[in-house]
>>> print(open('data.tsv').read())   # TSV, C-alpha atoms and all ligand atoms
chain	number	residue	atom	x	y	z
U	1	MET	CA	117.42	118.83	101.41
U	2	ALA	CA	113.80	119.77	101.92
U	3	ASP	CA	112.91	123.37	101.11
U	4	VAL	CA	112.02	124.55	104.60
U	5	LYS	CA	110.96	128.00	103.42
U	6	ASP	CA	108.02	127.15	101.18
U	7	LEU	CA	105.92	124.63	103.07
U	8	SER	CA	103.00	125.19	100.71
U	9	ALA	CA	104.94	123.34	97.98
U	10	TYR	CA	104.37	120.09	99.89
U	11	LYS	CA	101.15	118.27	99.00
U	12	GLY	CA	99.72	114.78	99.32
U	13	VAL	CA	99.76	111.91	101.80
U	14	TRP	CA	102.20	109.12	101.00
U	15	VAL	CA	102.08	105.60	102.37
U	16	PHE	CA	105.14	103.36	102.10
U	17	ALA	CA	103.70	100.18	100.55
U	18	GLU	CA	105.98	97.68	102.26
U	19	GLN	CA	105.94	94.32	100.49
U	20	ARG	CA	107.71	91.11	101.29
U	21	GLU	CA	108.16	88.42	98.65
U	22	GLY	CA	105.58	90.15	96.49
U	23	LYS	CA	102.89	90.43	99.18
U	24	ILE	CA	101.68	93.74	100.56
U	25	MET	CA	102.09	93.81	104.35
U	26	PRO	CA	98.80	94.09	106.32
U	27	VAL	CA	99.96	97.34	107.97
U	28	VAL	CA	99.91	99.02	104.53
U	29	ILE	CA	96.15	98.45	104.30
U	30	GLU	CA	95.80	100.08	107.73
U	31	LEU	CA	97.98	103.01	106.65
U	32	LEU	CA	95.87	103.45	103.51
U	33	GLY	CA	92.74	103.52	105.71
U	34	GLU	CA	94.27	106.16	107.98
U	35	GLY	CA	95.93	107.98	105.07
U	36	ARG	CA	92.54	108.38	103.38
U	37	LYS	CA	91.13	110.14	106.47
U	38	LEU	CA	94.15	112.47	106.63
U	39	ALA	CA	94.06	113.17	102.87
U	40	ASP	CA	90.35	114.03	103.05
U	41	ALA	CA	90.91	116.29	106.06
U	42	VAL	CA	93.73	118.16	104.32
U	43	GLY	CA	92.05	118.04	100.88
U	44	CYS	CA	94.80	116.26	98.97
U	45	GLU	CA	95.47	112.95	97.22
U	46	LEU	CA	96.52	109.67	98.79
U	47	CYS	CA	99.53	107.99	97.21
U	48	ALA	CA	101.38	104.72	97.79
U	49	VAL	CA	105.12	104.27	97.26
U	50	LEU	CA	105.96	100.77	96.09
U	51	LEU	CA	109.51	99.46	95.74
U	52	GLY	CA	110.69	96.00	94.72
U	53	ASP	CA	111.47	93.76	91.80
U	54	LYS	CA	108.60	92.64	89.55
U	55	VAL	CA	106.03	94.22	91.84
U	56	GLU	CA	104.03	96.22	89.29
U	57	GLY	CA	101.18	93.70	89.65
U	58	LEU	CA	100.62	94.94	93.21
U	59	THR	CA	99.53	98.40	92.09
U	60	ASP	CA	95.92	97.24	91.47
U	61	GLU	CA	95.66	96.11	95.09
U	62	LEU	CA	96.88	99.51	96.29
U	63	PHE	CA	94.32	101.31	94.11
U	64	ALA	CA	91.58	99.00	95.39
U	65	TYR	CA	92.52	99.95	98.95
U	66	GLY	CA	92.24	103.65	98.20
U	67	ALA	CA	95.50	104.91	96.68
U	68	ASP	CA	94.86	107.56	94.02
U	69	LYS	CA	98.39	107.26	92.70
U	70	VAL	CA	101.22	104.75	93.06
U	71	TYR	CA	104.85	105.84	92.81
U	72	LEU	CA	106.54	102.70	91.55
U	73	ALA	CA	110.23	101.80	91.62
U	74	ASP	CA	110.51	98.35	90.04
U	75	ASP	CA	114.12	97.23	89.69
U	76	PRO	CA	116.27	94.16	90.49
U	77	GLU	CA	118.39	96.39	92.79
U	78	LEU	CA	115.29	96.77	94.99
U	79	LYS	CA	114.42	93.07	95.21
U	80	ASP	CA	115.41	92.76	98.87
U	81	TYR	CA	115.13	95.60	101.35
U	82	ARG	CA	118.40	97.46	101.83
U	83	THR	CA	118.53	100.71	103.78
U	84	ASP	CA	120.64	102.62	101.25
U	85	ALA	CA	118.80	101.51	98.11
U	86	TYR	CA	115.35	102.18	99.54
U	87	SER	CA	116.14	105.43	101.37
U	88	ILE	CA	117.96	106.91	98.36
U	89	THR	CA	115.15	105.99	95.94
U	90	ILE	CA	112.34	107.29	98.16
U	91	GLY	CA	114.43	110.29	99.27
U	92	LYS	CA	114.82	111.41	95.64
U	93	ALA	CA	111.10	110.94	95.02
U	94	ILE	CA	110.27	113.03	98.10
U	95	GLU	CA	112.58	115.77	96.87
U	96	GLU	CA	110.95	115.73	93.43
U	97	TYR	CA	107.25	115.31	94.30
U	98	LYS	CA	107.20	116.91	97.78
U	99	PRO	CA	104.59	115.02	99.81
U	100	GLU	CA	103.23	116.77	102.87
U	101	ILE	CA	102.85	113.64	104.98
U	102	VAL	CA	104.72	110.31	104.76
U	103	LEU	CA	103.51	107.26	106.72
U	104	LEU	CA	105.38	104.01	107.26
U	105	GLY	CA	104.47	100.92	109.28
U	106	ALA	CA	106.45	100.55	112.49
U	107	THR	CA	107.73	97.19	111.25
U	108	HIS	CA	111.39	96.18	111.33
U	109	ILE	CA	111.81	97.70	107.87
U	110	GLY	CA	109.77	100.85	108.61
U	111	ARG	CA	111.69	101.44	111.82
U	112	ASP	CA	114.94	101.31	109.86
U	113	LEU	CA	113.84	103.20	106.78
U	114	GLY	CA	111.87	106.01	108.48
U	115	PRO	CA	114.76	107.59	110.41
U	116	CYS	CA	117.11	107.37	107.38
U	117	LEU	CA	114.54	109.07	105.18
U	118	ALA	CA	113.92	111.76	107.77
U	119	VAL	CA	117.65	112.54	107.93
U	120	ASN	CA	117.95	112.53	104.11
U	121	CYS	CA	115.02	114.94	103.84
U	122	ASN	CA	116.09	117.12	106.79
U	123	THR	CA	112.81	116.65	108.58
U	124	GLY	CA	111.51	115.05	111.77
U	125	LEU	CA	109.98	111.65	112.43
U	126	THR	CA	107.54	110.58	115.12
U	127	ALA	CA	108.06	106.89	115.72
U	128	ASP	CA	105.53	104.29	116.84
U	129	CYS	CA	102.39	106.44	116.56
U	130	THR	CA	99.08	105.09	117.81
U	131	LYS	CA	96.91	108.02	116.67
U	132	LEU	CA	97.09	110.59	113.87
U	133	GLU	CA	94.82	113.59	113.47
U	134	ILE	CA	94.74	116.73	111.39
U	135	ASP	CA	94.45	119.97	113.38
U	136	PRO	CA	91.52	121.75	111.66
U	137	THR	CA	93.04	125.20	112.27
U	138	ASP	CA	96.47	124.82	110.68
U	139	LYS	CA	96.06	121.42	108.91
U	140	LYS	CA	99.19	120.11	110.62
U	141	ILE	CA	99.24	116.47	111.60
U	142	GLN	CA	99.11	115.69	115.31
U	143	GLN	CA	101.02	112.50	115.96
U	144	THR	CA	100.31	110.69	119.23
U	145	ARG	CA	102.56	108.01	120.70
U	146	PRO	CA	103.26	106.51	124.14
U	147	ALA	CA	106.09	108.25	126.02
U	148	PHE	CA	107.96	107.80	129.31
U	149	GLY	CA	107.57	104.04	129.38
U	150	GLY	CA	103.94	104.28	128.33
U	151	ASN	CA	102.96	106.35	131.35
U	152	LEU	CA	101.66	109.19	129.21
U	153	MET	CA	100.67	109.80	125.62
U	154	ALA	CA	102.64	112.53	123.85
U	155	THR	CA	101.19	114.48	120.92
U	156	ILE	CA	103.90	115.70	118.60
U	157	ILE	CA	103.82	118.13	115.67
U	158	CYS	CA	106.41	118.93	113.03
U	159	PRO	CA	106.14	122.74	112.89
U	160	ASP	CA	108.41	123.97	110.11
U	161	HIS	CA	109.88	121.06	108.16
U	162	ARG	CA	108.34	118.85	105.50
U	163	PRO	CA	107.32	116.17	104.95
U	164	GLN	CA	105.71	115.35	108.29
U	165	MET	CA	106.73	111.74	108.87
U	166	SER	CA	105.42	109.01	111.16
U	167	THR	CA	105.88	105.32	111.68
U	168	VAL	CA	102.60	103.77	112.82
U	169	ARG	CA	102.18	100.68	114.96
U	170	PRO	CA	100.69	97.72	113.10
U	171	GLY	CA	97.24	96.65	114.26
U	172	VAL	CA	96.17	100.05	115.59
U	173	MET	CA	94.49	101.80	112.63
U	174	GLU	CA	91.35	100.63	110.83
U	175	LYS	CA	91.97	98.82	107.56
U	176	ALA	CA	90.91	100.51	104.31
U	177	GLN	CA	87.86	99.08	102.54
U	178	TYR	CA	88.58	97.04	99.39
U	179	GLN	CA	86.93	98.55	96.33
U	180	GLU	CA	87.08	96.07	93.44
U	181	GLY	CA	88.18	97.54	90.13
U	182	ARG	CA	89.15	100.96	91.52
U	183	LYS	CA	91.88	102.48	89.34
U	184	GLY	CA	94.53	105.17	89.68
U	185	GLU	CA	97.69	106.54	88.15
U	186	VAL	CA	101.11	104.83	88.17
U	187	VAL	CA	104.14	107.12	88.27
U	188	LYS	CA	107.42	105.30	87.59
U	189	LEU	CA	110.37	106.41	89.68
U	190	ASN	CA	113.90	106.58	88.36
U	191	VAL	CA	116.17	104.00	90.03
U	192	SER	CA	119.87	104.79	89.76
U	193	PHE	CA	122.72	104.75	92.23
U	194	LYS	CA	126.19	106.24	92.19
U	195	GLU	CA	129.25	104.06	92.54
U	196	GLY	CA	129.68	102.94	96.16
U	197	GLU	CA	126.38	104.49	97.27
U	198	ILE	CA	124.90	101.15	98.28
U	199	ARG	CA	127.05	99.75	101.01
U	200	THR	CA	125.40	96.39	101.58
U	201	LYS	CA	124.72	93.25	99.58
U	202	VAL	CA	122.21	90.56	100.55
U	203	LEU	CA	124.04	87.22	100.45
U	204	GLU	CA	121.29	85.02	101.80
U	205	ILE	CA	117.98	85.33	103.61
U	206	VAL	CA	117.69	82.85	106.46
U	207	LYS	CA	114.14	82.53	107.72
U	208	SER	CA	113.54	82.23	111.43
U	209	LEU	CA	112.82	78.65	112.40
U	210	LYS	CA	110.82	79.87	115.38
U	211	GLU	CA	107.11	79.34	115.32
U	212	THR	CA	105.51	82.50	113.98
U	213	VAL	CA	102.25	83.86	115.23
U	214	SER	CA	99.83	86.36	113.74
U	215	LEU	CA	98.37	88.10	116.75
U	216	THR	CA	97.08	91.10	114.82
U	217	ASP	CA	94.62	89.01	112.79
U	218	ALA	CA	93.50	86.72	115.64
U	219	LYS	CA	89.83	86.92	116.63
U	220	ILE	CA	90.34	85.18	119.97
U	221	ILE	CA	93.48	85.53	122.10
U	222	VAL	CA	94.22	83.63	125.30
U	223	SER	CA	97.05	85.51	126.94
U	224	GLY	CA	99.11	84.47	129.94
U	225	GLY	CA	101.32	86.27	132.42
U	226	MET	CA	103.43	85.62	135.48
U	227	GLY	CA	100.36	84.19	137.22
U	228	LEU	CA	100.97	81.03	135.17
U	229	GLY	CA	103.92	80.40	137.49
U	230	LYS	CA	105.72	78.17	134.97
U	231	PRO	CA	106.19	77.85	131.19
U	232	GLU	CA	104.00	74.72	131.05
U	233	GLY	CA	101.05	76.95	131.95
U	234	PHE	CA	100.92	77.96	128.29
U	235	ASP	CA	99.93	74.36	127.41
U	236	LEU	CA	96.72	74.90	129.36
U	237	LEU	CA	96.12	78.26	127.62
U	238	LYS	CA	96.70	76.56	124.26
U	239	GLN	CA	94.05	73.97	125.07
U	240	LEU	CA	91.52	76.76	125.63
U	241	ALA	CA	92.72	78.69	122.55
U	242	ASP	CA	92.40	75.56	120.37
U	243	LYS	CA	88.85	74.93	121.61
U	244	LEU	CA	87.88	78.48	120.65
U	245	GLY	CA	89.82	78.67	117.39
U	246	GLY	CA	92.16	81.28	118.87
U	247	VAL	CA	95.84	81.79	119.58
U	248	VAL	CA	98.00	82.13	122.66
U	249	ALA	CA	99.77	85.37	123.64
U	250	ALA	CA	101.74	86.63	126.63
U	251	SER	CA	102.75	89.53	128.85
U	252	ARG	CA	106.29	90.83	128.64
U	253	ALA	CA	107.11	89.44	132.07
U	254	ALA	CA	106.30	85.92	130.82
U	255	VAL	CA	108.43	86.56	127.72
U	256	ASP	CA	111.29	87.94	129.83
U	257	ALA	CA	111.09	84.86	132.03
U	258	GLY	CA	111.87	82.84	128.90
U	259	TRP	CA	108.54	80.98	129.01
U	260	ILE	CA	107.51	81.93	125.48
U	261	ASP	CA	108.96	83.67	122.42
U	262	HIS	CA	108.87	87.47	122.09
U	263	SER	CA	106.69	87.20	118.95
U	264	TYR	CA	103.80	86.34	121.31
U	265	GLN	CA	104.16	89.50	123.43
U	266	VAL	CA	101.25	91.91	123.61
U	267	GLY	CA	101.76	95.49	124.70
U	268	GLN	CA	103.67	98.67	124.22
U	269	THR	CA	106.88	96.90	123.22
U	270	GLY	CA	105.10	93.92	121.70
U	271	THR	CA	102.13	93.64	119.36
U	272	THR	CA	98.96	95.74	119.52
U	273	VAL	CA	95.89	93.52	119.22
U	274	LYS	CA	92.16	94.10	118.73
U	275	PRO	CA	90.52	90.65	118.88
U	276	LYS	CA	86.86	89.96	119.49
U	277	VAL	CA	87.76	88.27	122.80
U	278	TYR	CA	90.94	88.70	124.88
U	279	PHE	CA	91.48	86.42	127.86
U	280	ALA	CA	94.01	87.90	130.30
U	281	CYS	CA	95.06	84.99	132.51
U	282	GLY	CA	97.35	85.76	135.45
U	283	ILE	CA	98.14	89.20	134.01
U	284	SER	CA	98.11	92.13	136.44
U	285	GLY	CA	97.17	94.80	133.86
U	286	ALA	CA	100.25	97.03	133.83
U	287	ILE	CA	99.76	100.12	131.65
U	288	GLN	CA	102.33	98.86	129.12
U	289	HIS	CA	100.35	95.64	128.65
U	290	VAL	CA	96.99	97.38	128.56
U	291	ALA	CA	98.29	99.75	125.84
U	292	GLY	CA	98.44	96.78	123.49
U	293	MET	CA	95.05	95.13	124.17
U	294	GLN	CA	92.63	97.71	125.55
U	295	ASP	CA	90.74	97.98	122.25
U	296	SER	CA	89.73	94.30	122.33
U	297	GLU	CA	85.95	93.96	121.92
U	298	LEU	CA	85.51	91.78	125.03
U	299	ILE	CA	88.12	91.42	127.78
U	300	VAL	CA	87.90	88.46	130.15
U	301	ALA	CA	90.31	88.67	133.10
U	302	ILE	CA	91.17	85.75	135.38
U	303	ASN	CA	93.21	86.74	138.41
U	304	THR	CA	93.53	85.64	142.03
U	305	ASN	CA	93.90	89.25	143.18
U	306	GLU	CA	90.57	91.08	143.14
U	307	SER	CA	92.41	94.43	143.19
U	308	ALA	CA	94.49	93.68	140.07
U	309	PRO	CA	94.28	96.69	137.69
U	310	ILE	CA	93.24	94.40	134.82
U	311	PHE	CA	89.75	94.24	136.38
U	312	GLU	CA	89.36	98.00	135.76
U	313	ILE	CA	89.23	97.40	132.01
U	314	ALA	CA	87.75	93.89	131.98
U	315	ASP	CA	84.22	93.31	130.70
U	316	VAL	CA	84.13	89.97	132.51
U	317	GLY	CA	86.24	89.57	135.66
U	318	ILE	CA	86.79	86.20	137.30
U	319	VAL	CA	88.56	86.27	140.67
U	320	GLY	CA	90.19	82.89	141.00
U	321	ASP	CA	93.07	80.56	140.29
U	322	LEU	CA	93.50	80.20	136.54
U	323	TYR	CA	94.44	76.54	137.04
U	324	LYS	CA	90.92	75.95	138.34
U	325	VAL	CA	89.00	78.45	136.21
U	326	ILE	CA	90.40	77.51	132.77
U	327	PRO	CA	89.83	73.73	133.11
U	328	ALA	CA	86.29	74.55	134.22
U	329	ILE	CA	85.73	76.70	131.09
U	330	ILE	CA	87.18	73.93	128.88
U	331	GLU	CA	84.90	71.39	130.56
U	332	GLU	CA	81.85	73.56	129.85
U	333	LEU	CA	82.95	74.04	126.21
U	334	ASP	CA	83.27	70.26	125.82
U	335	LYS	CA	79.59	69.95	126.70
U	336	VAL	CA	78.50	72.29	123.89
J	401	LIG	P1	102.68	90.52	137.10
J	401	LIG	O1	102.56	92.00	137.10
J	401	LIG	O2	103.64	89.89	138.03
J	401	LIG	O3	101.22	89.95	137.37
J	401	LIG	C1	100.93	88.60	137.60
J	401	LIG	C2	99.47	88.51	137.96
J	401	LIG	O4	99.09	87.17	138.07
J	401	LIG	C3	99.13	89.18	139.30
J	401	LIG	O5	98.10	90.12	139.12
J	401	LIG	C4	98.67	88.02	140.18
J	401	LIG	O6	97.63	88.41	141.08
J	401	LIG	C5	98.17	87.05	139.16
J	401	LIG	N1	98.20	85.62	139.58
J	401	LIG	C6	99.15	84.98	140.30
J	401	LIG	N2	98.86	83.66	140.39
J	401	LIG	C7	97.68	83.48	139.74
J	401	LIG	C8	96.87	82.33	139.46
J	401	LIG	N3	97.21	81.11	139.87
J	401	LIG	N4	95.72	82.52	138.77
J	401	LIG	C9	95.35	83.75	138.31
J	401	LIG	N5	96.09	84.86	138.54
J	401	LIG	C10	97.26	84.73	139.22
J	401	LIG	N6	104.49	94.43	129.61
J	401	LIG	C11	103.75	93.81	128.68
J	401	LIG	O7	102.98	92.90	128.98
J	401	LIG	N7	103.87	94.18	127.36
J	401	LIG	C12	104.71	95.16	126.95
J	401	LIG	O8	104.79	95.42	125.74
J	401	LIG	C13	105.50	95.84	127.93
J	401	LIG	N8	106.33	96.85	127.59
J	401	LIG	C14	107.00	97.52	128.56
J	401	LIG	C15	107.79	98.63	128.22
J	401	LIG	C16	108.46	99.32	129.22
J	401	LIG	C17	109.29	100.51	128.82
J	401	LIG	C18	108.34	98.91	130.56
J	401	LIG	C19	109.06	99.69	131.62
J	401	LIG	C20	107.60	97.82	130.91
J	401	LIG	C21	106.91	97.09	129.92
J	401	LIG	N9	106.13	96.00	130.25
J	401	LIG	C22	105.36	95.41	129.28
J	401	LIG	C23	106.15	95.37	131.58
J	401	LIG	C24	104.98	95.75	132.46
J	401	LIG	O9	105.28	96.95	133.14
J	401	LIG	C25	104.69	94.65	133.51
J	401	LIG	O10	105.86	94.40	134.24
J	401	LIG	C26	104.21	93.34	132.90
J	401	LIG	O11	103.17	93.56	131.99
J	401	LIG	C27	103.72	92.43	134.03
J	401	LIG	O12	103.42	91.17	133.50
J	401	LIG	P2	102.38	90.22	134.25
J	401	LIG	O13	101.07	90.90	134.36
J	401	LIG	O14	102.43	88.91	133.54
J	401	LIG	O15	103.07	89.99	135.66
>>> encode(input="data.tsv", output="structure tokens", more="lines below")
Ligand code: FAD
Amino acid sequence: MADVKDLSAYKGVWVFAEQREGKIMPVVIELLGEGRKLADAVGCELCAVLLGDKVEGLTDELFAYGADKVYLADDPELKDYRTDAYSITIGKAIEEYKPEIVLLGATHIGRDLGPCLAVNCNTGLTADCTKLEIDPTDKKIQQTRPAFGGNLMATIICPDHRPQMSTVRPGVMEKAQYQEGRKGEVVKLNVSFKEGEIRTKVLEIVKSLKETVSLTDAKIIVSGGMGLGKPEGFDLLKQLADKLGGVVAASRAAVDAGWIDHSYQVGQTGTTVKPKVYFACGISGAIQHVAGMQDSELIVAINTNESAPIFEIADVGIVGDLYKVIPAIIEELDKV
């Protein structure tokens, strides 16, 4: 249980260094970027917490991205993510080293691990944050996240428990800069479990056969909504995306209609994206969609309805039928 009386005993910003098959997840680099800003504002060190089997080689990467210290638990029991094994190991480390702030990516693993850790440590957790700031007066972290179906942004603080914990949406924070050769300290964590403490066993990992898409890294996204009218509309969007070296994405309504897989969804309950160019084709611009793409560098909206809200945030607005506009753009690109 966290010592709720002496909050001053808690120091340092920790980032959960989620790895899969020996590769650091991109969100960790974003958390290290954000964690550095928070650590500087509070005046403390930035640490990464790395769990896995034969993962010690990843510590250099974490130092290069700004970690001052890496807490390492390297053990065959931690090869695959299991809620009990990971939450017990990190929970004990939190109890021993007392970080003030703990950040996790709002990935499938982070969304499972974060709440368990918060319960183990008798503290709170703000899930799915899109902004983190340190209040200069009391140095508490202000955690902002969409609330009430994305209709307002709530700023949440954790007044009298520690650590302050957040899961952070991938693709929202700026990535940390890579500094070749930067070094830090490795602190090895004790990995031991009592009889019956780990209640699950991984028998097999079956990878999804569905096409996977990396929207967060895409520079150009051609996104479609209900205005496509039919699933085949995505073939046209793919033609444009291929011409521009981009990828296709979708609104939730198009996903819900079964036209495209959920992994392509942009928005509050999908992926947050920040490409150089975002084409919104037949997408009305509902607040929940906009929440996931408004930080795109250039937004091009194609919509038959000149009053569609998407035009309020578009840099380039084209009022027209996407089935006429997109072939015309492709034709022009063919001439180049
Ligand atoms: P519509 O709103 O139906 O818009 C279709 C648009 O296409 C219209 O503007 C129309 O004028 C235009 N159009 C029609 N024909 C053409 C044509 N031929 N050429 C060009 N334009 C045409 N939505 C998301 O996208 N992502 C999320 O993550 C998400 N999360 C949500 C979470 C919650 C809790 C809730 C309540 C909702 C969420 N939604 C999300 C749903 C969101 O509120 C909207 O319903 C959804 O974004 C609408 O999708 P759309 O723009 O494709 O469809």
>>> closest_atom_pairs(input="data.tsv", of="chain U", to="ligand LIG 401 (chain J)", cutoff="7 Å", atoms="only C-alpha atoms and all ligand atoms", output="tab-separated table")
residue	atom	partner	partner_atom	distance
U:Gly149	CA	J:LIG401	C17	4.0
U:Gly150	CA	J:LIG401	C17	6.6
U:Gly224	CA	J:LIG401	O14	6.6
U:Gly225	CA	J:LIG401	O14	3.1
U:Met226	CA	J:LIG401	O14	3.9
U:Gly227	CA	J:LIG401	O4	3.3
U:Leu228	CA	J:LIG401	N3	6.0
U:Gly229	CA	J:LIG401	N2	6.7
U:Ala250	CA	J:LIG401	O7	6.8
U:Ser251	CA	J:LIG401	O7	3.4
U:Arg252	CA	J:LIG401	C11	3.9
U:Ala253	CA	J:LIG401	O12	4.3
U:Ala254	CA	J:LIG401	O14	5.6
U:Gln265	CA	J:LIG401	N7	6.1
U:Val266	CA	J:LIG401	N7	5.1
U:Gly267	CA	J:LIG401	O8	3.2
U:Gln268	CA	J:LIG401	O8	3.8
U:Thr269	CA	J:LIG401	O8	3.6
U:Gly270	CA	J:LIG401	O8	4.3
U:Cys281	CA	J:LIG401	C9	5.9
U:Gly282	CA	J:LIG401	O4	3.4
U:Ile283	CA	J:LIG401	O13	3.4
U:Ser284	CA	J:LIG401	O5	3.4
U:Gly285	CA	J:LIG401	O13	5.5
U:Ala286	CA	J:LIG401	O11	4.9
U:Ile287	CA	J:LIG401	O9	6.5
U:Gln288	CA	J:LIG401	C13	4.5
U:His289	CA	J:LIG401	O7	3.8
U:Gly292	CA	J:LIG401	O8	6.9
U:Ile302	CA	J:LIG401	C9	5.5
U:Asn303	CA	J:LIG401	N5	3.4
U:Thr304	CA	J:LIG401	N5	4.4
U:Asn305	CA	J:LIG401	O6	4.4
U:Ala308	CA	J:LIG401	O5	5.2
U:Gly320	CA	J:LIG401	C9	5.9
U:Asp321	CA	J:LIG401	N4	3.6
U:Leu322	CA	J:LIG401	N4	3.9
U:Tyr323	CA	J:LIG401	N3	6.0
>>> write_last_selection(input="data.tsv", atoms="C-alpha atoms", output="short mmCIF file (atom, residue, chain, number, x, y, z; two decimals), in the coordinates of the input")
data_model
loop_
_atom_site.label_atom_id
_atom_site.label_comp_id
_atom_site.auth_asym_id
_atom_site.auth_seq_id
_atom_site.Cartn_x
_atom_site.Cartn_y
_atom_site.Cartn_z
CA GLY U 149 107.57 104.04 129.38
CA GLY U 150 103.94 104.28 128.33
CA GLY U 224 99.11 84.47 129.94
CA GLY U 225 101.32 86.27 132.42
CA MET U 226 103.43 85.62 135.48
CA GLY U 227 100.36 84.19 137.22
CA LEU U 228 100.97 81.03 135.17
CA GLY U 229 103.92 80.40 137.49
CA ALA U 250 101.74 86.63 126.63
CA SER U 251 102.75 89.53 128.85
CA ARG U 252 106.29 90.83 128.64
CA ALA U 253 107.11 89.44 132.07
CA ALA U 254 106.30 85.92 130.82
CA GLN U 265 104.16 89.50 123.43
CA VAL U 266 101.25 91.91 123.61
CA GLY U 267 101.76 95.49 124.70
CA GLN U 268 103.67 98.67 124.22
CA THR U 269 106.88 96.90 123.22
CA GLY U 270 105.10 93.92 121.70
CA CYS U 281 95.06 84.99 132.51
CA GLY U 282 97.35 85.76 135.45
CA ILE U 283 98.14 89.20 134.01
CA SER U 284 98.11 92.13 136.44
CA GLY U 285 97.17 94.80 133.86
CA ALA U 286 100.25 97.03 133.83
CA ILE U 287 99.76 100.12 131.65
CA GLN U 288 102.33 98.86 129.12
CA HIS U 289 100.35 95.64 128.65
CA GLY U 292 98.44 96.78 123.49
CA ILE U 302 91.17 85.75 135.38
CA ASN U 303 93.21 86.74 138.41
CA THR U 304 93.53 85.64 142.03
CA ASN U 305 93.90 89.25 143.18
CA ALA U 308 94.49 93.68 140.07
CA GLY U 320 90.19 82.89 141.00
CA ASP U 321 93.07 80.56 140.29
CA LEU U 322 93.50 80.20 136.54
CA TYR U 323 94.44 76.54 137.04
#
>>> closest_residue(input="data.tsv", among="U:Asn122, U:Thr272, U:Ser296, U:Asn190", to="Arg162 (chain U)", atoms="only C-alpha atoms")
U:Asn122
>>> closest_residue(input="data.tsv", among="U:Pro26, U:Gly52, U:Pro327, U:Gly57", to="Asp75 (chain U)", atoms="all atoms listed in the file")
U:Gly52
>>> atom_distance(input="data.tsv", atom1="CA of Glu21 (chain U)", atom2="CA of Leu113 (chain U)")
17.8 Å
>>> residues_around(input="data.tsv", residues="region 100-104 of chain U", least_positions_apart="6", cutoff="6 Å", atoms="only C-alpha atoms", output="PDB file with C-alpha atoms, in the frame of the given file")
ATOM      1  CA  TYR U  10     104.370 120.090  99.890  1.00  0.00           C
ATOM      2  CA  LYS U  11     101.150 118.270  99.000  1.00  0.00           C
ATOM      3  CA  GLY U  12      99.720 114.780  99.320  1.00  0.00           C
ATOM      4  CA  VAL U  13      99.760 111.910 101.800  1.00  0.00           C
ATOM      5  CA  TRP U  14     102.200 109.120 101.000  1.00  0.00           C
ATOM      6  CA  VAL U  15     102.080 105.600 102.370  1.00  0.00           C
ATOM      7  CA  PHE U  16     105.140 103.360 102.100  1.00  0.00           C
ATOM      8  CA  GLY U 110     109.770 100.850 108.610  1.00  0.00           C
ATOM      9  CA  PRO U 163     107.320 116.170 104.950  1.00  0.00           C
ATOM     10  CA  GLN U 164     105.710 115.350 108.290  1.00  0.00           C
ATOM     11  CA  MET U 165     106.730 111.740 108.870  1.00  0.00           C
ATOM     12  CA  SER U 166     105.420 109.010 111.160  1.00  0.00           C
ATOM     13  CA  THR U 167     105.880 105.320 111.680  1.00  0.00           C
TER      14      THR U 167
END
>>> axis_aligned_box(input="data.tsv", around="region 116-131 of chain U", padding_each_side="4 Å", output="lines of an AutoDock Vina configuration file")
center_x = 107.4
center_y = 110.7
center_z = 110.8
size_x = 29.0
size_y = 20.8
size_z = 22.0
>>> residues_around(input="data.tsv", residues="Asp84 (chain U)", least_positions_apart="2", cutoff="12 Å", atoms="all atoms listed in the file", output="PyMOL selection string")
chain U and resi 77-78+80-82+86-92+112-117+120+192-194+196-201
>>> closest_residue(input="data.tsv", among="U:Val290, U:Cys158, U:Leu38, U:Ala9", to="Ile134 (chain U)", atoms="only C-alpha atoms")
U:Leu38
